[in-house]
Amino acid sequence: MRYSSAKFFMQLPAAFFVMLGIFGNTQAQLCQGSLAKPVGYLAGLGPIAIATGDLDGDNDIDVVTANQHSDDVSVMLNNGDGTFSSQVSYSAGEQPSDVAIGDVNGDGTPDLIITNWDSDDVSILLNAGDGTFDSQQRHSVSNSPSSVDLGDLDNDGDLDIAVANTNGHQVSVLLNNGNGIFATQVLYFVSVSPRCIDLGDLNGDGAMDIAVANFGSDDTAVLLNNGDGTFSDFQRFDGGDGAIAIALGDVDGDSHLDMVVANRFSNDISVLLGFGDGTFSSKVQYEVGNAKDVELLDIDSDGDLDIAAIAGGDLVVMLNSSDGVFQKSQRHCAWFGSNGLASADLNGSGAIDLVVNHSGTEGYLSVYINNCTPQECLVDLNQDGFLNFLDISKYLSSYSNRDFLADFNDDCDFNFLDVSEFLAAFGKGCP
């Protein structure tokens, strides 16, 4: 007889329910967040930072690099499929160190703001509306500006500028007058050698606060907003040895922003969970190697934020267990000179991709397209994204009715081998 009797399986229902019941209501993860082999693009000389945004209004994400050795930025427009046109260069100040994208003059198109390490200023390049840019405007800041971020700091509806100044040991705040013209900087001290800045509402009062990674004092500094674009004295939190980059995001799902810090000399990533009042837990460290930059993104499309970092010559990815605890890292060779990182959905697939820059005599960047696509989960029989009793019930019914769904090893027979493979697959969960 081609098919064995269903009586075999029906004689084991108690054991079957006991064994499967221990797995509860497990979520079926349908994406692994694997990255395709990178594709390289030429940039300017010594690219050190990357930003992404839709610069030409065609609904795909373009890329900009700040080039420290050619004193310019490279704009690479997306062809719509995650590939990019050749760079177009625009002059900046002396030794650009970072770049941010945002609409600072309120015309509906994103502009470029660049920090210039050697000329102690920021360059503002206004978008002509099509992804080309006007000549720069310059605004003075403090000594050796290394990082920039944009946000509405004074709650007046336009984007302001915040800059970390490494050798000035200060943060510069430049408030927007509403048309892309900025007031003179206001300075705030933040400990020793701030290298990276990020903005977010850290205490839940609706105002944007400032967080910086301090390279020289091995810590982070938090400046809470008074609600009007002025800031209280900084609070310090232990980061790591050589804190060089910082990213804010809710990694543990409690609706409070957390801090993730890349540490150059302790070769790790520090995670500090936020309590929602502008204070943070003690750091938890994850060894990755010589860390240079860090990014938070949902690389496996499971609804929580994962970590991507540049560490030595590698691109490191650590997946979130959904509670702010991170799994063992995946490593991808990013080659020598990798120092900057950005993320966005570059090819319109719905998955987040990564861009890494490489400094050198002739600089370039690598684009890593995310292969994260929904994968068939064979034991999620009702396709609701969870593994639970409903799937067990459907398997029982299928087996009893000699439905092909229950022929789990695809041998055109129904027997213990199908049950065994279903048990093993259900216990393992879905990729």
# chains A, B, ... in the order shown; residues from 1 in each chain; ligands from 1
$ residues_around --residues "range 256-265 of chain A" --least-positions-apart "2" --cutoff "8 Å" --atoms "only C-alpha atoms" --output "MDAnalysis selection string"
chainID A and resid 200:202 204 213 239:251 253:254 267:276 280 290:294 309
$ select_by_dssp --residues "range 124-352 of chain A" --states "strand (DSSP E or B)" --output "ChimeraX atom specification"
/A:124-125,127,133,137-140,145-151,160-165,170-174,176,182,186-189,194-200,209-214,219-223,225,231,235-238,243-249,258-263,268-272,274,280,284-287,291-297,306-311,314-318,320,326,330-333,338-344
$ closest_residue --among "A:Leu315, A:Ala221, A:Leu305, A:Leu175" --to "Val192 in chain A" --atoms "only C-alpha atoms"
A:Ala221
$ closest_residue --among "A:Leu417, A:Ile101, A:Ala183, A:Leu153" --to "Ser140 in chain A" --atoms "only C-alpha atoms"
A:Ala183
$ residues_around --residues "Asn78 in chain A" --least-positions-apart "3" --cutoff "10 Å" --atoms "only C-alpha atoms" --output "ChimeraX atom specification"
/A:53-56,58-63,75,81-86,346-347
$ residues_around --residues "Asn203 in chain A" --least-positions-apart "3" --cutoff "8 Å" --atoms "only C-alpha atoms" --output "list in words"
Leu224, Gly276, Asp277, Gly278 and Thr279 of chain A
$ residues_around --residues "Ala51 in chain A" --least-positions-apart "5" --cutoff "12 Å" --atoms "only C-alpha atoms" --output "PDB file with C-alpha atoms, in the first residue's frame"
ATOM      1  CA  ILE A  61      17.695  56.670  -1.263  1.00  0.00           C
ATOM      2  CA  ASP A  62      20.905  58.366  -2.393  1.00  0.00           C
ATOM      3  CA  VAL A  63      24.325  58.400  -0.721  1.00  0.00           C
ATOM      4  CA  VAL A  64      26.739  61.177   0.289  1.00  0.00           C
ATOM      5  CA  THR A  65      30.303  60.783   1.592  1.00  0.00           C
ATOM      6  CA  ALA A  66      32.442  63.380   3.382  1.00  0.00           C
ATOM      7  CA  VAL A  73      31.577  65.643  -0.528  1.00  0.00           C
ATOM      8  CA  SER A  74      30.605  63.027  -3.095  1.00  0.00           C
ATOM      9  CA  VAL A  75      26.942  62.717  -4.071  1.00  0.00           C
ATOM     10  CA  MET A  76      25.902  59.399  -5.637  1.00  0.00           C
ATOM     11  CA  SER A  97      34.789  64.918   8.973  1.00  0.00           C
ATOM     12  CA  ASP A  98      31.036  64.235   8.886  1.00  0.00           C
ATOM     13  CA  VAL A  99      27.907  64.924   6.848  1.00  0.00           C
ATOM     14  CA  ALA A 100      24.192  65.080   7.692  1.00  0.00           C
ATOM     15  CA  ILE A 101      21.139  65.368   5.439  1.00  0.00           C
ATOM     16  CA  GLY A 102      18.039  67.436   6.203  1.00  0.00           C
ATOM     17  CA  PRO A 110      17.042  67.848   1.822  1.00  0.00           C
ATOM     18  CA  ASP A 111      20.260  69.833   2.128  1.00  0.00           C
ATOM     19  CA  LEU A 112      23.795  68.864   3.183  1.00  0.00           C
ATOM     20  CA  ILE A 113      25.555  69.962   6.393  1.00  0.00           C
ATOM     21  CA  ILE A 114      29.250  69.101   6.685  1.00  0.00           C
ATOM     22  CA  SER A 147      30.350  65.002  14.062  1.00  0.00           C
ATOM     23  CA  VAL A 148      27.032  66.667  13.215  1.00  0.00           C
ATOM     24  CA  ASP A 149      23.353  65.889  13.706  1.00  0.00           C
ATOM     25  CA  GLU A 295      24.527  51.881  13.578  1.00  0.00           C
ATOM     26  CA  GLY A 340      32.129  54.805   8.346  1.00  0.00           C
ATOM     27  CA  LEU A 341      28.723  53.173   8.199  1.00  0.00           C
ATOM     28  CA  ALA A 342      25.158  54.052   7.188  1.00  0.00           C
ATOM     29  CA  SER A 343      21.938  52.129   6.606  1.00  0.00           C
ATOM     30  CA  ALA A 344      18.793  52.505   4.493  1.00  0.00           C
ATOM     31  CA  LEU A 354      24.280  48.868   4.575  1.00  0.00           C
ATOM     32  CA  VAL A 355      26.914  51.196   3.143  1.00  0.00           C
ATOM     33  CA  VAL A 356      30.533  51.208   4.315  1.00  0.00           C
ATOM     34  CA  ASN A 357      33.227  53.686   3.305  1.00  0.00           C
ATOM     35  CA  LEU A 365      32.376  52.804  -0.602  1.00  0.00           C
TER      36      LEU A 365
END
$ residues_around --residues "Ser321 in chain A" --least-positions-apart "2" --cutoff "9 Å" --atoms "only C-alpha atoms" --output "JSON, numbers by chain"
{"A": [252, 304, 306, 319, 323, 324, 325, 326, 327]}
$ write_last_selection --atoms "C-alpha atoms" --output "mmCIF file, in the first residue's frame"
data_model
loop_
_atom_site.group_PDB
_atom_site.id
_atom_site.type_symbol
_atom_site.label_atom_id
_atom_site.label_comp_id
_atom_site.auth_asym_id
_atom_site.auth_seq_id
_atom_site.Cartn_x
_atom_site.Cartn_y
_atom_site.Cartn_z
ATOM 1 C CA ASP A 252 14.703 46.638 24.456
ATOM 2 C CA ASP A 304 13.545 45.180 16.865
ATOM 3 C CA ASP A 306 19.981 45.191 15.685
ATOM 4 C CA LEU A 319 21.046 40.428 16.094
ATOM 5 C CA ASP A 323 14.986 42.443 24.753
ATOM 6 C CA GLY A 324 18.151 44.455 24.146
ATOM 7 C CA VAL A 325 20.403 41.416 24.496
ATOM 8 C CA PHE A 326 22.434 40.732 21.381
ATOM 9 C CA GLN A 327 23.391 37.454 19.800
#
$ closest_residue --among "A:Ile369, A:Leu126, A:Ala211, A:Ile50" --to "Gly348 in chain A" --atoms "only C-alpha atoms"
A:Ile369
$ closest_residue --among "A:Leu423, A:Ala128, A:Ala351, A:Cys196" --to "Thr166 in chain A" --atoms "only C-alpha atoms"
A:Cys196
